[in-house]
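Asker: Have a peek at model.pdb (PDB, C-alpha atoms).
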```pdb
MODEL        1
ATOM      1  CA  MET L 193       5.953 -47.695  14.455
ATOM      2  CA  ALA L 194       7.881 -45.135  12.354
ATOM      3  CA  LYS L 195       5.945 -42.294  10.792
ATOM      4  CA  ALA L 196       5.863 -42.441   6.966
ATOM      5  CA  ASN L 197       7.825 -39.722   5.188
ATOM      6  CA  ARG L 198       5.577 -37.638   2.941
ATOM      7  CA  TYR L 199       8.567 -36.327   0.960
ATOM      8  CA  ASP L 200      10.873 -37.893  -1.631
ATOM      9  CA  SER L 201      13.986 -38.476   0.459
ATOM     10  CA  THR L 202      16.595 -38.507  -2.326
ATOM     11  CA  ARG L 203      19.521 -36.130  -1.980
ATOM     12  CA  ALA L 204      18.786 -32.871  -3.829
ATOM     13  CA  TRP L 205      19.287 -29.110  -3.723
ATOM     14  CA  TYR L 206      16.464 -26.900  -2.492
ATOM     15  CA  ALA L 207      16.109 -23.120  -2.596
ATOM     16  CA  ILE L 208      14.956 -21.423   0.578
ATOM     17  CA  SER L 209      13.921 -17.813   0.865
ATOM     18  CA  THR L 210      15.351 -15.609   3.590
ATOM     19  CA  TYR L 211      14.937 -12.094   4.849
ATOM     20  CA  GLY L 212      16.913  -9.711   2.633
ATOM     21  CA  GLY L 213      20.510  -9.351   3.763
ATOM     22  CA  HIS L 214      20.344 -12.439   6.007
ATOM     23  CA  GLU L 215      21.561 -14.981   3.416
ATOM     24  CA  ASP L 216      25.070 -15.442   4.852
ATOM     25  CA  LYS L 217      23.774 -15.663   8.447
ATOM     26  CA  VAL L 218      21.155 -18.245   7.437
ATOM     27  CA  ALA L 219      23.676 -20.430   5.543
ATOM     28  CA  GLU L 220      26.128 -20.240   8.453
ATOM     29  CA  SER L 221      23.375 -21.051  10.942
ATOM     30  CA  ILE L 222      22.193 -24.079   8.919
ATOM     31  CA  ASN L 223      25.754 -25.396   8.594
ATOM     32  CA  GLN L 224      26.295 -24.998  12.365
ATOM     33  CA  ARG L 225      22.972 -26.658  13.232
ATOM     34  CA  VAL L 226      23.816 -29.633  10.992
ATOM     35  CA  ASN L 227      27.032 -30.202  12.959
ATOM     36  CA  ASN L 228      25.439 -29.592  16.373
ATOM     37  CA  ILE L 229      22.489 -31.956  15.938
ATOM     38  CA  ASP L 230      24.380 -34.520  13.868
ATOM     39  CA  MET L 231      22.338 -34.338  10.663
ATOM     40  CA  LYS L 232      25.318 -34.816   8.332
ATOM     41  CA  GLY L 233      23.676 -37.794   6.636
ATOM     42  CA  GLN L 234      20.489 -35.800   5.982
ATOM     43  CA  ILE L 235      21.557 -32.186   5.422
ATOM     44  CA  PHE L 236      24.796 -31.783   3.490
ATOM     45  CA  GLY L 237      25.286 -28.038   3.584
ATOM     46  CA  ALA L 238      23.995 -24.609   2.669
ATOM     47  CA  ILE L 239      25.524 -22.087   0.279
ATOM     48  CA  VAL L 240      24.837 -18.522  -0.768
ATOM     49  CA  PRO L 241      25.534 -18.399  -4.528
ATOM     50  CA  LYS L 242      27.904 -15.499  -5.252
ATOM     51  CA  GLU L 243      29.910 -14.342  -8.259
ATOM     52  CA  LYS L 244      32.778 -11.923  -8.666
ATOM     53  CA  GLN L 245      31.973  -8.542 -10.193
ATOM     54  CA  ILE L 246      33.925  -5.377 -10.759
ATOM     55  CA  GLU L 247      32.872  -2.211  -9.004
ATOM     56  CA  ILE L 248      34.310   1.265  -9.333
ATOM     57  CA  LYS L 249      34.276   3.468  -6.266
ATOM     58  CA  ASN L 250      36.095   6.800  -6.061
ATOM     59  CA  GLY L 251      37.870   6.041  -9.337
ATOM     60  CA  LYS L 252      39.302   2.781  -7.945
ATOM     61  CA  ARG L 253      38.430  -0.567  -9.415
ATOM     62  CA  LYS L 254      37.815  -3.463  -7.085
ATOM     63  CA  VAL L 255      36.479  -6.994  -7.336
ATOM     64  CA  VAL L 256      33.540  -7.765  -5.067
ATOM     65  CA  ASP L 257      31.462 -10.872  -4.376
ATOM     66  CA  ARG L 258      27.839 -10.256  -5.313
ATOM     67  CA  LYS L 259      24.940 -12.520  -4.408
ATOM     68  CA  ILE L 260      23.489 -14.097  -7.540
ATOM     69  CA  PHE L 261      20.030 -14.437  -5.972
ATOM     70  CA  GLN L 262      19.147 -11.840  -3.340
ATOM     71  CA  GLY L 263      17.142 -13.371  -0.500
ATOM     72  CA  TYR L 264      17.868 -17.024  -1.321
ATOM     73  CA  VAL L 265      20.107 -19.804   0.021
ATOM     74  CA  LEU L 266      20.628 -23.234  -1.528
ATOM     75  CA  VAL L 267      20.544 -26.264   0.759
ATOM     76  CA  GLU L 268      21.610 -29.767  -0.225
ATOM     77  CA  MET L 269      19.624 -32.327   1.750
ATOM     78  CA  LYS L 270      17.358 -35.336   1.827
ATOM     79  CA  LEU L 271      13.909 -33.871   2.327
ATOM     80  CA  SER L 272      11.960 -35.340   5.238
ATOM     81  CA  ASP L 273       9.614 -33.965   7.884
ATOM     82  CA  GLU L 274      12.584 -33.631  10.240
ATOM     83  CA  THR L 275      14.940 -31.854   7.784
ATOM     84  CA  TRP L 276      12.095 -29.614   6.579
ATOM     85  CA  TYR L 277      11.395 -28.621  10.195
ATOM     86  CA  ILE L 278      15.076 -27.926  10.965
ATOM     87  CA  ILE L 279      15.556 -25.704   7.905
ATOM     88  CA  ARG L 280      12.161 -23.995   8.154
ATOM     89  CA  ASN L 281      12.801 -23.068  11.803
ATOM     90  CA  THR L 282      16.257 -21.600  11.217
ATOM     91  CA  PRO L 283      16.208 -17.883  12.148
ATOM     92  CA  GLY L 284      15.909 -15.722   9.013
ATOM     93  CA  VAL L 285      14.314 -18.432   6.840
ATOM     94  CA  THR L 286      10.929 -17.446   5.410
ATOM     95  CA  GLY L 287      10.189 -20.683   3.543
ATOM     96  CA  PHE L 288      11.036 -23.210   0.874
ATOM     97  CA  ILE L 289      10.551 -22.534  -2.824
ATOM     98  CA  GLY L 290       8.051 -24.929  -4.351
ATOM     99  CA  ASN L 291       4.487 -25.679  -5.338
ATOM    100  CA  GLY L 292       2.123 -24.910  -2.498
ATOM    101  CA  THR L 293       3.441 -26.576   0.632
ATOM    102  CA  GLN L 294       5.661 -29.030  -1.273
ATOM    103  CA  PRO L 295       9.315 -27.871  -1.652
ATOM    104  CA  THR L 296      10.564 -28.384  -5.222
ATOM    105  CA  PRO L 297      14.163 -29.496  -5.796
ATOM    106  CA  VAL L 298      16.347 -27.306  -7.994
ATOM    107  CA  SER L 299      17.273 -29.243 -11.142
ATOM    108  CA  GLU L 300      20.818 -30.606 -11.504
ATOM    109  CA  LYS L 301      21.109 -28.565 -14.715
ATOM    110  CA  GLU L 302      20.351 -25.334 -12.817
ATOM    111  CA  ILE L 303      22.748 -26.265  -9.993
ATOM    112  CA  ALA L 304      25.495 -26.922 -12.569
ATOM    113  CA  LYS L 305      24.880 -23.478 -14.123
ATOM    114  CA  ILE L 306      24.969 -21.778 -10.711
ATOM    115  CA  LYS L 307      28.158 -23.595  -9.663
ATOM    116  CA  LYS L 308      29.799 -22.698 -12.974
ATOM    117  CA  ARG L 309      28.844 -19.064 -12.459
ATOM    118  CA  MET L 310      30.203 -19.180  -8.897
ATOM    119  CA  GLY L 311      33.450 -20.807 -10.020
ATOM    120  CA  VAL L 312      34.429 -18.138 -12.520
ATOM    121  CA  GLU L 313      37.463 -16.494 -10.945
ATOM    122  CA  ASP L 314      37.895 -13.615 -13.389
ATOM    123  CA  PRO L 315      35.002 -11.203 -13.220
ATOM    124  CA  ARG L 316      33.115 -10.811 -16.465
ATOM    125  CA  TYR L 317      32.889  -7.529 -18.289
ATOM    126  CA  THR L 318      29.745  -6.756 -20.170
ATOM    127  CA  VAL L 319      30.385  -3.819 -22.444
ATOM    128  CA  LYS L 320      27.004  -2.827 -23.800
ATOM    129  CA  TYR L 321      28.174   0.139 -25.844
ATOM    130  CA  GLU L 322      28.940   0.638 -29.534
ATOM    131  CA  ILE L 323      31.566   2.671 -31.370
ATOM    132  CA  GLY L 324      30.116   6.066 -32.262
ATOM    133  CA  GLU L 325      27.715   6.082 -29.314
ATOM    134  CA  VAL L 326      27.590   9.256 -27.186
ATOM    135  CA  VAL L 327      27.963   8.596 -23.436
ATOM    136  CA  ASN L 328      28.073  10.610 -20.242
ATOM    137  CA  ILE L 329      31.064  10.144 -17.924
ATOM    138  CA  ILE L 330      29.803   9.440 -14.386
ATOM    139  CA  ASP L 331      33.082   8.812 -12.502
ATOM    140  CA  GLY L 332      36.664  10.057 -12.472
ATOM    141  CA  PRO L 333      38.279  13.384 -13.364
ATOM    142  CA  PHE L 334      36.069  13.838 -16.468
ATOM    143  CA  LYS L 335      32.808  13.319 -14.551
ATOM    144  CA  GLY L 336      29.959  15.272 -16.119
ATOM    145  CA  PHE L 337      31.505  15.408 -19.616
ATOM    146  CA  ASP L 338      29.866  13.794 -22.635
ATOM    147  CA  GLY L 339      31.950  12.031 -25.258
ATOM    148  CA  THR L 340      31.811   9.724 -28.261
ATOM    149  CA  ILE L 341      33.138   6.153 -28.045
ATOM    150  CA  SER L 342      35.953   5.615 -30.559
ATOM    151  CA  ASP L 343      37.270   2.205 -29.427
ATOM    152  CA  ILE L 344      36.130  -0.715 -27.233
ATOM    153  CA  ASP L 345      38.310  -3.325 -25.496
ATOM    154  CA  GLN L 346      35.813  -6.109 -24.657
ATOM    155  CA  ILE L 347      38.391  -8.210 -22.782
ATOM    156  CA  LYS L 348      39.443  -5.483 -20.347
ATOM    157  CA  GLY L 349      36.096  -3.689 -20.269
ATOM    158  CA  LYS L 350      37.725  -0.416 -21.366
ATOM    159  CA  LEU L 351      36.444   2.304 -23.675
ATOM    160  CA  LYS L 352      38.281   5.059 -25.526
ATOM    161  CA  VAL L 353      36.021   8.116 -25.431
ATOM    162  CA  MET L 354      36.640  11.279 -27.446
ATOM    163  CA  VAL L 355      35.851  14.198 -25.133
ATOM    164  CA  PRO L 356      35.554  17.715 -26.579
ATOM    165  CA  MET L 357      37.957  19.842 -24.534
ATOM    166  CA  PHE L 358      39.621  23.190 -25.283
ATOM    167  CA  GLY L 359      38.104  23.246 -28.765
ATOM    168  CA  ARG L 360      39.299  19.804 -29.857
ATOM    169  CA  GLU L 361      38.557  16.093 -29.301
ATOM    170  CA  THR L 362      40.744  14.520 -26.606
ATOM    171  CA  PRO L 363      40.903  10.706 -26.267
ATOM    172  CA  VAL L 364      40.237   9.458 -22.730
ATOM    173  CA  GLU L 365      40.505   5.795 -21.695
ATOM    174  CA  LEU L 366      37.763   4.820 -19.260
ATOM    175  CA  ASP L 367      36.367   1.739 -17.640
ATOM    176  CA  ALA L 368      32.957   0.768 -19.073
ATOM    177  CA  LEU L 369      31.533   1.240 -15.557
ATOM    178  CA  GLN L 370      32.568   4.923 -15.580
ATOM    179  CA  VAL L 371      30.076   5.906 -18.305
ATOM    180  CA  LYS L 372      26.337   5.727 -18.891
ATOM    181  CA  GLN L 373      24.244   5.907 -22.014
ATOM    182  CA  LEU L 374      22.515   9.175 -22.816
TER     183      LEU L 374
ENDMDL
END
```
Take the structure in the file and give it back as structure tokens.

Answerer:
Amino acid sequence: MAKANRYDSTRAWYAISTYGGHEDKVAESINQRVNNIDMKGQIFGAIVPKEKQIEIKNGKRKVVDRKIFQGYVLVEMKLSDETWYIIRNTPGVTGFIGNGTQPTPVSEKEIAKIKKRMGVEDPRYTVKYEIGEVVNIIDGPFKGFDGTISDIDQIKGKLKVMVPMFGRETPVELDALQVKQL
């Protein structure tokens, strides 16, 4: 006689917590285990939600993939005692997210938001400065100087900062990530 399933076995996304920095290893391990033990009809895959962001290092701008949720992996599966056991016993997994011992599915609305965020190819700029604001330059050849913002390009994430130099204001174009508020 088959054991009754104590979980709702409809296909859904679940969030699992992992040790910090192990998200990619856990997702890869789950995806490999699914193939090795032939659970394709029960576990459909694991992803680490990431988005593109711009980072400035040594004056150079580069696009990097950043984890949206540190320490979490999303798994699409039909929850049963067997699938719960397989995921829960994957190295690096610390548990399911849910109420008490019952894993809670992530809503379709939330999954749609996360997938939309992951699918954005052009990194977003968030310029949180205003014209007239005094900022400190933290990167590039003018590092350490203070200046006043005279123009903002929201689309490119660029600022024109007036830096007092040699007794007069000199306009300097900077990336928004090269300054900080005072």

Asker: Suppose you want the space between atom CA of Ile347 of chain L and atom CA of Val319 of chain L; what is it in Å?

Answerer: 9.1 Å

Asker: Can you list, as a list in words, every protein, DNA or RNA residue that comes within 7 Å of Gly287 of chain L when you count only C-alpha atoms, leaving out same-chain residues fewer than 2 positions away?

Answerer: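 What passes the distance filter is Ile208, Ser209, Arg280, Val285 and Ile289 of chain L.
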
Asker: Could you tell me which residues the PyMOL selection byres ((chain L and resi 328) around 8) returns for this structure, as an MDAnalysis selection string?

Answerer: chainID L and resid 326:327 329:330 335:339 371:374

Asker: Applied to the shown file, which residues does the PyMOL selection byres ((chain L and resi 288) around 12) return, written as JSON, numbers by chain?

Answerer: {"L": [205, 206, 207, 208, 209, 210, 263, 264, 265, 266, 267, 271, 275, 276, 277, 278, 279, 280, 281, 282, 285, 286, 287, 289, 290, 291, 292, 293, 294, 295, 296, 297, 298]}

Asker: How would the residues just chosen look if you wrote them out with C-alpha atoms as a compact mmCIF listing (two decimals), in the frame of the given file?

Answerer:
```txt
# COMPACT_ATOMS: atom_id res chain seq x y z
CA TRP L 205 19.29 -29.11 -3.72
CA TYR L 206 16.46 -26.90 -2.49
CA ALA L 207 16.11 -23.12 -2.60
CA ILE L 208 14.96 -21.42 0.58
CA SER L 209 13.92 -17.81 0.86
CA THR L 210 15.35 -15.61 3.59
CA GLY L 263 17.14 -13.37 -0.50
CA TYR L 264 17.87 -17.02 -1.32
CA VAL L 265 20.11 -19.80 0.02
CA LEU L 266 20.63 -23.23 -1.53
CA VAL L 267 20.54 -26.26 0.76
CA LEU L 271 13.91 -33.87 2.33
CA THR L 275 14.94 -31.85 7.78
CA TRP L 276 12.10 -29.61 6.58
CA TYR L 277 11.40 -28.62 10.20
CA ILE L 278 15.08 -27.93 10.96
CA ILE L 279 15.56 -25.70 7.90
CA ARG L 280 12.16 -24.00 8.15
CA ASN L 281 12.80 -23.07 11.80
CA THR L 282 16.26 -21.60 11.22
CA VAL L 285 14.31 -18.43 6.84
CA THR L 286 10.93 -17.45 5.41
CA GLY L 287 10.19 -20.68 3.54
CA ILE L 289 10.55 -22.53 -2.82
CA GLY L 290 8.05 -24.93 -4.35
CA ASN L 291 4.49 -25.68 -5.34
CA GLY L 292 2.12 -24.91 -2.50
CA THR L 293 3.44 -26.58 0.63
CA GLN L 294 5.66 -29.03 -1.27
CA PRO L 295 9.32 -27.87 -1.65
CA THR L 296 10.56 -28.38 -5.22
CA PRO L 297 14.16 -29.50 -5.80
CA VAL L 298 16.35 -27.31 -7.99
```

Asker: Identify which of the residues L:Ile246, L:Ile306, L:Leu366, L:Ile235 lies closest to Met354 of chain L, counting all atoms listed in the file when measuring atom-to-atom distances.

Answerer: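 Checking each of L:Ile246, L:Ile306, L:Leu366, L:Ile235 against Met354 of chain L, counting all atoms listed in the file, the winner is L:Leu366.
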
Asker: Between atom CA of Ile222 of chain L and atom CA of Phe236 of chain L, what is the distance in Å, rounded to a tenth?

Answerer: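 Atom CA of Phe236 of chain L lies at a distance of 9.8 Å from atom CA of Ile222 of chain L.
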
Asker: Running the PyMOL selection byres ((chain L and resi 362) around 12) on this model by hand, what would come out? Give it as a PyMOL selection string.

Answerer: chain L and resi 334+337-342+352-361+363-365

Asker: Could you check the closest approach to Asp257 of chain L for each of L:Ser272, L:Arg309, L:Arg225, L:Ala304 and tell me which residue wins, using only C-alpha atoms?

Answerer: L:Arg309

Asker: For the atom pair atom CA of Gln370 of chain L and atom CA of Gly311 of chain L, what is the interatomic distance in Å to one decimal place?

Answerer: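 Rounded to one decimal, the two atoms are 26.3 Å apart.
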
Asker: Of the candidates L:Gly284, L:Lys270, L:Lys307, L:Glu302, which one gets nearest to Thr202 of chain L if we count all atoms listed in the file?

Answerer: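 Closest to Thr202 of chain L of all the choices is L:Lys270.
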
Asker: Counting only C-alpha atoms, find residues at most 8 Å from (30.1, -12.1, -4.7) (file frame) and give them as a list of chain:residue names.

Answerer: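 The answer, in the requested form, is L:Pro241, L:Lys242, L:Glu243, L:Lys244, L:Gln245, L:Val256, L:Asp257, L:Arg258, L:Lys259, L:Ile260.
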
Asker: Once all heavy atoms are restored for segment 266-277 of chain L, what would the output be as a PDB file, in the frame of the given file?

Answerer:
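Output saved as out.pdb:
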```
ATOM      1  N   LEU L 266      20.809 -21.877  -1.026  1.00  0.00           N
ATOM      2  CA  LEU L 266      20.628 -23.234  -1.528  1.00  0.00           C
ATOM      3  C   LEU L 266      21.065 -24.230  -0.464  1.00  0.00           C
ATOM      4  O   LEU L 266      22.125 -24.060   0.139  1.00  0.00           O
ATOM      5  CB  LEU L 266      21.444 -23.452  -2.804  1.00  0.00           C
ATOM      6  CG  LEU L 266      21.026 -22.616  -4.009  1.00  0.00           C
ATOM      7  CD1 LEU L 266      21.976 -22.843  -5.173  1.00  0.00           C
ATOM      8  CD2 LEU L 266      19.607 -22.925  -4.422  1.00  0.00           C
ATOM      9  N   VAL L 267      20.246 -25.243  -0.243  1.00  0.00           N
ATOM     10  CA  VAL L 267      20.544 -26.264   0.759  1.00  0.00           C
ATOM     11  C   VAL L 267      20.511 -27.626   0.078  1.00  0.00           C
ATOM     12  O   VAL L 267      19.548 -27.960  -0.607  1.00  0.00           O
ATOM     13  CB  VAL L 267      19.507 -26.252   1.909  1.00  0.00           C
ATOM     14  CG1 VAL L 267      19.838 -27.311   2.942  1.00  0.00           C
ATOM     15  CG2 VAL L 267      19.438 -24.886   2.562  1.00  0.00           C
ATOM     16  N   GLU L 268      21.583 -28.404   0.295  1.00  0.00           N
ATOM     17  CA  GLU L 268      21.610 -29.767  -0.225  1.00  0.00           C
ATOM     18  C   GLU L 268      21.204 -30.692   0.912  1.00  0.00           C
ATOM     19  O   GLU L 268      21.811 -30.675   1.983  1.00  0.00           O
ATOM     20  CB  GLU L 268      23.002 -30.132  -0.732  1.00  0.00           C
ATOM     21  CG  GLU L 268      23.026 -31.463  -1.450  1.00  0.00           C
ATOM     22  CD  GLU L 268      24.393 -31.826  -1.998  1.00  0.00           C
ATOM     23  OE1 GLU L 268      25.405 -31.238  -1.562  1.00  0.00           O
ATOM     24  OE2 GLU L 268      24.443 -32.706  -2.862  1.00  0.00           O
ATOM     25  N   MET L 269      20.147 -31.489   0.672  1.00  0.00           N
ATOM     26  CA  MET L 269      19.624 -32.327   1.750  1.00  0.00           C
ATOM     27  C   MET L 269      18.712 -33.420   1.208  1.00  0.00           C
ATOM     28  O   MET L 269      18.328 -33.403   0.042  1.00  0.00           O
ATOM     29  CB  MET L 269      18.839 -31.465   2.739  1.00  0.00           C
ATOM     30  CG  MET L 269      17.638 -30.755   2.126  1.00  0.00           C
ATOM     31  SD  MET L 269      16.938 -29.561   3.255  1.00  0.00           S
ATOM     32  CE  MET L 269      15.282 -30.160   3.361  1.00  0.00           C
ATOM     33  N   LYS L 270      18.406 -34.346   2.094  1.00  0.00           N
ATOM     34  CA  LYS L 270      17.358 -35.336   1.827  1.00  0.00           C
ATOM     35  C   LYS L 270      16.119 -34.789   2.527  1.00  0.00           C
ATOM     36  O   LYS L 270      16.112 -34.642   3.748  1.00  0.00           O
ATOM     37  CB  LYS L 270      17.740 -36.706   2.407  1.00  0.00           C
ATOM     38  CG  LYS L 270      18.889 -37.358   1.702  1.00  0.00           C
ATOM     39  CD  LYS L 270      19.202 -38.712   2.334  1.00  0.00           C
ATOM     40  CE  LYS L 270      20.373 -39.380   1.650  1.00  0.00           C
ATOM     41  NZ  LYS L 270      20.749 -40.637   2.328  1.00  0.00           N
ATOM     42  N   LEU L 271      15.087 -34.503   1.761  1.00  0.00           N
ATOM     43  CA  LEU L 271      13.909 -33.871   2.327  1.00  0.00           C
ATOM     44  C   LEU L 271      13.067 -34.869   3.117  1.00  0.00           C
ATOM     45  O   LEU L 271      12.696 -35.926   2.623  1.00  0.00           O
ATOM     46  CB  LEU L 271      13.064 -33.250   1.211  1.00  0.00           C
ATOM     47  CG  LEU L 271      11.891 -32.391   1.655  1.00  0.00           C
ATOM     48  CD1 LEU L 271      12.357 -31.203   2.485  1.00  0.00           C
ATOM     49  CD2 LEU L 271      11.112 -31.902   0.444  1.00  0.00           C
ATOM     50  N   SER L 272      12.833 -34.540   4.369  1.00  0.00           N
ATOM     51  CA  SER L 272      11.960 -35.340   5.238  1.00  0.00           C
ATOM     52  C   SER L 272      11.242 -34.351   6.156  1.00  0.00           C
ATOM     53  O   SER L 272      11.565 -33.162   6.163  1.00  0.00           O
ATOM     54  CB  SER L 272      12.789 -36.326   6.070  1.00  0.00           C
ATOM     55  OG  SER L 272      13.595 -35.623   7.003  1.00  0.00           O
ATOM     56  N   ASP L 273      10.307 -34.848   6.936  1.00  0.00           N
ATOM     57  CA  ASP L 273       9.614 -33.965   7.884  1.00  0.00           C
ATOM     58  C   ASP L 273      10.616 -33.320   8.837  1.00  0.00           C
ATOM     59  O   ASP L 273      10.526 -32.136   9.150  1.00  0.00           O
ATOM     60  CB  ASP L 273       8.556 -34.749   8.680  1.00  0.00           C
ATOM     61  CG  ASP L 273       7.360 -35.135   7.810  1.00  0.00           C
ATOM     62  OD1 ASP L 273       7.061 -34.397   6.853  1.00  0.00           O
ATOM     63  OD2 ASP L 273       6.743 -36.175   8.102  1.00  0.00           O
ATOM     64  N   GLU L 274      11.590 -34.118   9.279  1.00  0.00           N
ATOM     65  CA  GLU L 274      12.584 -33.631  10.240  1.00  0.00           C
ATOM     66  C   GLU L 274      13.490 -32.567   9.622  1.00  0.00           C
ATOM     67  O   GLU L 274      13.706 -31.504  10.215  1.00  0.00           O
ATOM     68  CB  GLU L 274      13.419 -34.812  10.758  1.00  0.00           C
ATOM     69  CG  GLU L 274      14.358 -34.432  11.880  1.00  0.00           C
ATOM     70  CD  GLU L 274      15.160 -35.612  12.402  1.00  0.00           C
ATOM     71  OE1 GLU L 274      15.155 -36.691  11.772  1.00  0.00           O
ATOM     72  OE2 GLU L 274      15.807 -35.428  13.444  1.00  0.00           O
ATOM     73  N   THR L 275      14.037 -32.837   8.411  1.00  0.00           N
ATOM     74  CA  THR L 275      14.940 -31.854   7.784  1.00  0.00           C
ATOM     75  C   THR L 275      14.171 -30.594   7.403  1.00  0.00           C
ATOM     76  O   THR L 275      14.677 -29.485   7.544  1.00  0.00           O
ATOM     77  CB  THR L 275      15.678 -32.442   6.568  1.00  0.00           C
ATOM     78  OG1 THR L 275      14.732 -32.906   5.608  1.00  0.00           O
ATOM     79  CG2 THR L 275      16.622 -33.555   6.969  1.00  0.00           C
ATOM     80  N   TRP L 276      12.924 -30.764   6.916  1.00  0.00           N
ATOM     81  CA  TRP L 276      12.095 -29.614   6.579  1.00  0.00           C
ATOM     82  C   TRP L 276      11.914 -28.740   7.817  1.00  0.00           C
ATOM     83  O   TRP L 276      12.078 -27.528   7.749  1.00  0.00           O
ATOM     84  CB  TRP L 276      10.725 -30.089   6.069  1.00  0.00           C
ATOM     85  CG  TRP L 276       9.799 -28.969   5.715  1.00  0.00           C
ATOM     86  CD1 TRP L 276       9.671 -28.363   4.499  1.00  0.00           C
ATOM     87  CD2 TRP L 276       8.878 -28.299   6.585  1.00  0.00           C
ATOM     88  NE1 TRP L 276       8.725 -27.365   4.561  1.00  0.00           N
ATOM     89  CE2 TRP L 276       8.219 -27.295   5.845  1.00  0.00           C
ATOM     90  CE3 TRP L 276       8.539 -28.448   7.933  1.00  0.00           C
ATOM     91  CZ2 TRP L 276       7.256 -26.460   6.380  1.00  0.00           C
ATOM     92  CZ3 TRP L 276       7.573 -27.602   8.467  1.00  0.00           C
ATOM     93  CH2 TRP L 276       6.944 -26.630   7.699  1.00  0.00           C
ATOM     94  N   TYR L 277      11.618 -29.348   8.944  1.00  0.00           N
ATOM     95  CA  TYR L 277      11.395 -28.621  10.195  1.00  0.00           C
ATOM     96  C   TYR L 277      12.662 -27.871  10.629  1.00  0.00           C
ATOM     97  O   TYR L 277      12.599 -26.706  11.024  1.00  0.00           O
ATOM     98  CB  TYR L 277      10.932 -29.589  11.298  1.00  0.00           C
ATOM     99  CG  TYR L 277      10.628 -28.899  12.599  1.00  0.00           C
ATOM    100  CD1 TYR L 277       9.393 -28.288  12.808  1.00  0.00           C
ATOM    101  CD2 TYR L 277      11.583 -28.828  13.621  1.00  0.00           C
ATOM    102  CE1 TYR L 277       9.106 -27.630  13.996  1.00  0.00           C
ATOM    103  CE2 TYR L 277      11.312 -28.171  14.806  1.00  0.00           C
ATOM    104  CZ  TYR L 277      10.077 -27.573  14.986  1.00  0.00           C
ATOM    105  OH  TYR L 277       9.800 -26.910  16.154  1.00  0.00           O
TER     106      TYR L 277
END
```
